[in-house]
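**Q** What follows is a structure written as C-alpha cells; I'll ask about it next.
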Amino acid sequence: MPESWARKQPTAVEQAAWWDVLPVALVVCDGDGRTVQWAMAAQTLLGYRPDEVVGRYVTELLLPEDREAAQALSEAIASGRSVAGSFPVRHRNGSVVNLEVWTCPAAEAVSDGRGMICLAADARAARRARGAGALLDGLFARSPVGLAVFDTELRFEQVNPALEAMNGVAAAGHLGRRLVDVLPGVNAEQMETAMRRVLDTGEPVVNFRRVGRTPATPDLDRVWACSYFRLDDPRGRPLGVSASIIDITAHQEDDAATSGGRARLELLNDASLRVGTTLDVARTGQELADVAVPRLADIAAVDVLAEVIEAADPLTGLVSGAVMRRLGKAPARASTAADALAPVGATLHFPIGAPYAQSLIDRRPYLLEHFDAATLARAARHTATPGRLHRLGVHSMMMVPLIARGFVLGVATLLRGAGSPAFGTADLTLAGELAARAALSIDNARLYHREHDTALILQRSMLPRHLNPPQGMEIAHCYQPASDVNEVGGDWYDVVPLGPGTAALVIGDVMGHGITAAAAMGQIRTAVRSLAHLGLPPDQVLSHLERTVQEIDDAMLATCLYAVCDATTGHCRLACAGHPPPVLITPDGTARLLGLPPGAPLGIGDIPYVTTDVVLPPGSVLVLFTDGLIETRGGDLDQRLRDLTGLLSGGDHPLDRMGDTLLGHFAPAPAQDDIAVLLARIGRPGRQ
C-alpha cells in the first residue's frame with residue numbers, strides 16, 4: 001500500500017467507537033470515475049461483489065433520478081477535488097441505502113496518476129457515531145479532572161487540558177510516551193503496575209495515590225488520587241486504560257508533612273495493588289492479613305460470617321451469635337503468638353455477649369491500646385485465647401469490622417507484641433481504610449459468585465437438553481462455561497427439525513456476560529425457533545432476528561450463524577451475522593473454513609445479510625462454534641484457525657470424540673469465555 005494511504009494507528013477510543021460499530025467501505029476509482037477497487041465493507045453495505053462493480057462507473061450506483069448528486073460526484077472525480085456528502089445508492093437487492101461519502105485524490109491509487117479514494121458509510125450509523133463522539137470529546141476537553149487514555153503498552157494516547165496543567169507538560173510531550181518517561185518525579189512505576197493489573201484483570205483500581213513532583217510544581221510534593229479502568233471493544237478485548245486524576249494535596253498535607261504520613265500512603269497504595277486481586281473471598285482475606293503484617297501489626301487475622309463464604313443474600317447478620325470462618329492469618333508460621341490463634345479455614349463460634357461479637361454489633365472499630373486485667377477477665381468467660389496471647393507478649397489490639405454496602409461481613413483483628421509500640425488513633429484510622437477496601441473486594445467476590453452461579457443455572461436451563469435431528473443427520477454438541485474467575489456469557493446452539501431430512505442448525509453468542517446476557521440469549525433462541533418454522537431463507541431469518549434484538553430492553557449485540565441443511569440432497573443454505581464461519585469436513589477427511597460473507601452482528605441495525613448455497617457430499621461434517629474456542633487474549637487468531645482445521649483433518653471420527661478433542665485442545669482451564677460447539681454429519685457416504 002502506498003505510504004500516502006497509510007492511516008495513523010487509531011486510539012483506543014477511536015477503535016471502540018468506530019471500527020467495531022461503523023462498517024466503512026473503501027472504493028478506489030480512476031480519473032474517469034470507473035471503479036478499480038471494491039474493498040472492506042463495500043459488499044456488506046451494498047451487496048455487490050467486486051466482480052460485479054469493478055470497471056463500472058461509480059455514479060451508476062446512484063439513483064437515476066438524483067441527477068444533481070451524480071453530476072456533482074462526477075465533476076469532483078474528474079477535477080481531482082475532494083468532496084463529501086450524502087448520496088442515495090441502490091442496493092443490489094433493489095432497496096435504497098443512504099450513504100455518507102468522502103472522496104479525496106490519490107495519485108498513487110491507479111497507474112495513470114488520477115486516482116480517487118472514496119470512503120462510504122451508512123448515513124444513519126455515521127450520524128449516531130458522530131453524536132456520541134462529539135459528546136465524549138466535549139466532556140473530555142472541559143472536565144476539570146485530569147483525564148488520560150493509555151494504549152495496551154501504557155503509552156499516552158490522549159490527555160485533556162486539565163491534565164496538561166496538572167503535570168506542567170503539553171499534550172505533545174505526553175503522546176506516545178510512557179508515564180515513567182513523562183513524570184519521573186512521581187511513583188510512576190507503581191502506577192504502571194496498577195494499570196497493568198487493570199489491563200490483565202479488567203478490574204478497576206480506585207483511589208490509587210500518586211505522590212511526588214511534576215514540572216508544574218517542581219519544588220513542591222503533591223498528592224493525587226488516581227482511578228483506572230479498562231477500555232474494551234464490544235467483544236471484551238482490551239483496547240487500553242482510561243485514567244482520572246484529582247489533586248488532593250490540600251486534604252493530605254498533615255499526613256504528607258511527616259514520614260509516617262508517607263508510609264501510610266505507601267501502605268494504602270500497596271493495598272490497592274495486593275488486596276482484591278481475584279474474585280476469591282478466601283484469597284482476599286489472606287491478602288489483607290499479608291498487607292497489614294508487619295507494617296501495621298505484628299499479627300493479623302481476618303474472619304468473615306459463614307454466610308459470606310456461602311454467597312448468601314440477603315445477609316442476616318448476627319441473630320444468635322457469630323459463626324465465623326477464618327480467611328487469613330499472618331504470619332502463617334514461625335510465630336508462637338500467631339500459632340495460638342485458630343488456623344485459616346477454621347470455623348469460630350462466638351455467643352452474642354462475647355466482646356468479639358459486640359464489635360460486629362456496634363459496627364465500629366475497637367481499639368485496646370493496652371491489655372488490662374478487666375478486659376482479660378471479660379474475655380475469659382468466652383475464650384482463653386486473649387489470656388494466652390497476653391502471656392506470649394501481645395499487649396495491644398484493634399478490631400475493625402468489615403462493612404460493605406451496609407452489610408457487616410466480618411472483622412479484621414490486629415495485634416502488637418513485645419518490642420512494638422501500642423496502637424494509636426492514627427493506626428485505627430489506617431486500619432479502617434484498609435478494612436473498607438478489603439470489605440468491598442470481599443463483597444464483590446460474594447456477589448460475583450452468586451450472580452455467576454445464577455447466570456450459569458439460567459443459561460443451562462435455556463440451552464436445549466435433547467436435540468432431535470431428522471433422519472439422515474447425526475448431531476453432537478458440547479458446551480463449556482467460563483471458569484469461576486470469568487463471567488458466564490450468552491453462547492447458545494440449537495437444532496430445529498423442519499421436515500423429513502431437513503433441519504436448521506443454529507449457533508450464536510450474545511456479546512456480554514452475566515444474567516443479562518443469559519436472559520437475552522434465551523429471548524433470541526426462542527425467536528430463532530419461531531422464525532425457523534416460517535420456512536424463510538437464512539438471510540431473511542437474520543433480518544427478522546435483527547429487529548427482534550433491537551427490541552430487547554437491555555440493548556446488546558449478538559452474533560449468529562444460521563444454516564438449513566437437507567440430509568437427503570446435501571443442499572445447505574447458510575447466512576452469517578458477524579459469527580465465525582463453520583468448518584466443513586468432507587468424507588475424505590479434508591477440513592476447511594467455509595467462505596461466507598461475514599455480515600454484521602445483530603443489533604447494529606439496517607445491515608443486509610446474504611445467503612450462501614453449498615452442496616455437501618454425503619457424510620460431510622459441519623462444525624459450528626463460538627469465538628470462545630479460538631479467541632484468546634494476545635493469541636494469533638489466524639494461527640488458531642489453522643490449528644482448528646488441522647486438528648479436524650483426518651479420518652472419519654465419531655462426532656462426540658471430535659467435540660471432546662476440540663475442548664481438550666483449545667479450552668484449557670480456566671476458560672476465559674464460554675464455548676459452544678455444534679457438530680452435524682449430513683447423510684452418509686453411499687446413502688440417500
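To be explicit about the labels: the chains of the C-alpha cells are called A, B, and onward in the order shown, and within each one the residues are counted from 1, while ligands get numbers from 1 in the order they are shown.
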What are the DSSP alpha helix (DSSP H) residues of range 141-350 of chain A, as a PyMOL selection string?
**A** chain A and resi 141-142+161-167+171-174+179-182+188-201+249-256+259-274+281-292+306-309+336-339
**Q** In Å to one decimal, how far is CA of Thr249 in chain A from CA of Ala225 in chain A?
**A**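 Computed distance, CA of Ala225 in chain A to CA of Thr249 in chain A, equals 9.2 Å.
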**Q** Please measure the separation of CA of Leu367 in chain A and CA of Ala439 in chain A, giving the value in Å to one decimal.
**A**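 Calculated distance between CA of Leu367 in chain A and CA of Ala439 in chain A is 19.0 Å.
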**Q** With only C-alpha atoms as the atoms that count, which of A:Ser335, A:Gln190, A:Thr103, A:Gln286 lies nearest to Asp270 in chain A?
**A**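 Nearest candidate to Asp270 in chain A out of A:Ser335, A:Gln190, A:Thr103, A:Gln286: A:Gln190.
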**Q** Identify all residues of range 473-672 of chain A in strand (DSSP E) (DSSP on the backbone) and supply them as a PyMOL selection string.
**A** chain A and resi 473-480+490-499+502-510+558-566+571-577+583-585+591-593+612-615+620-625
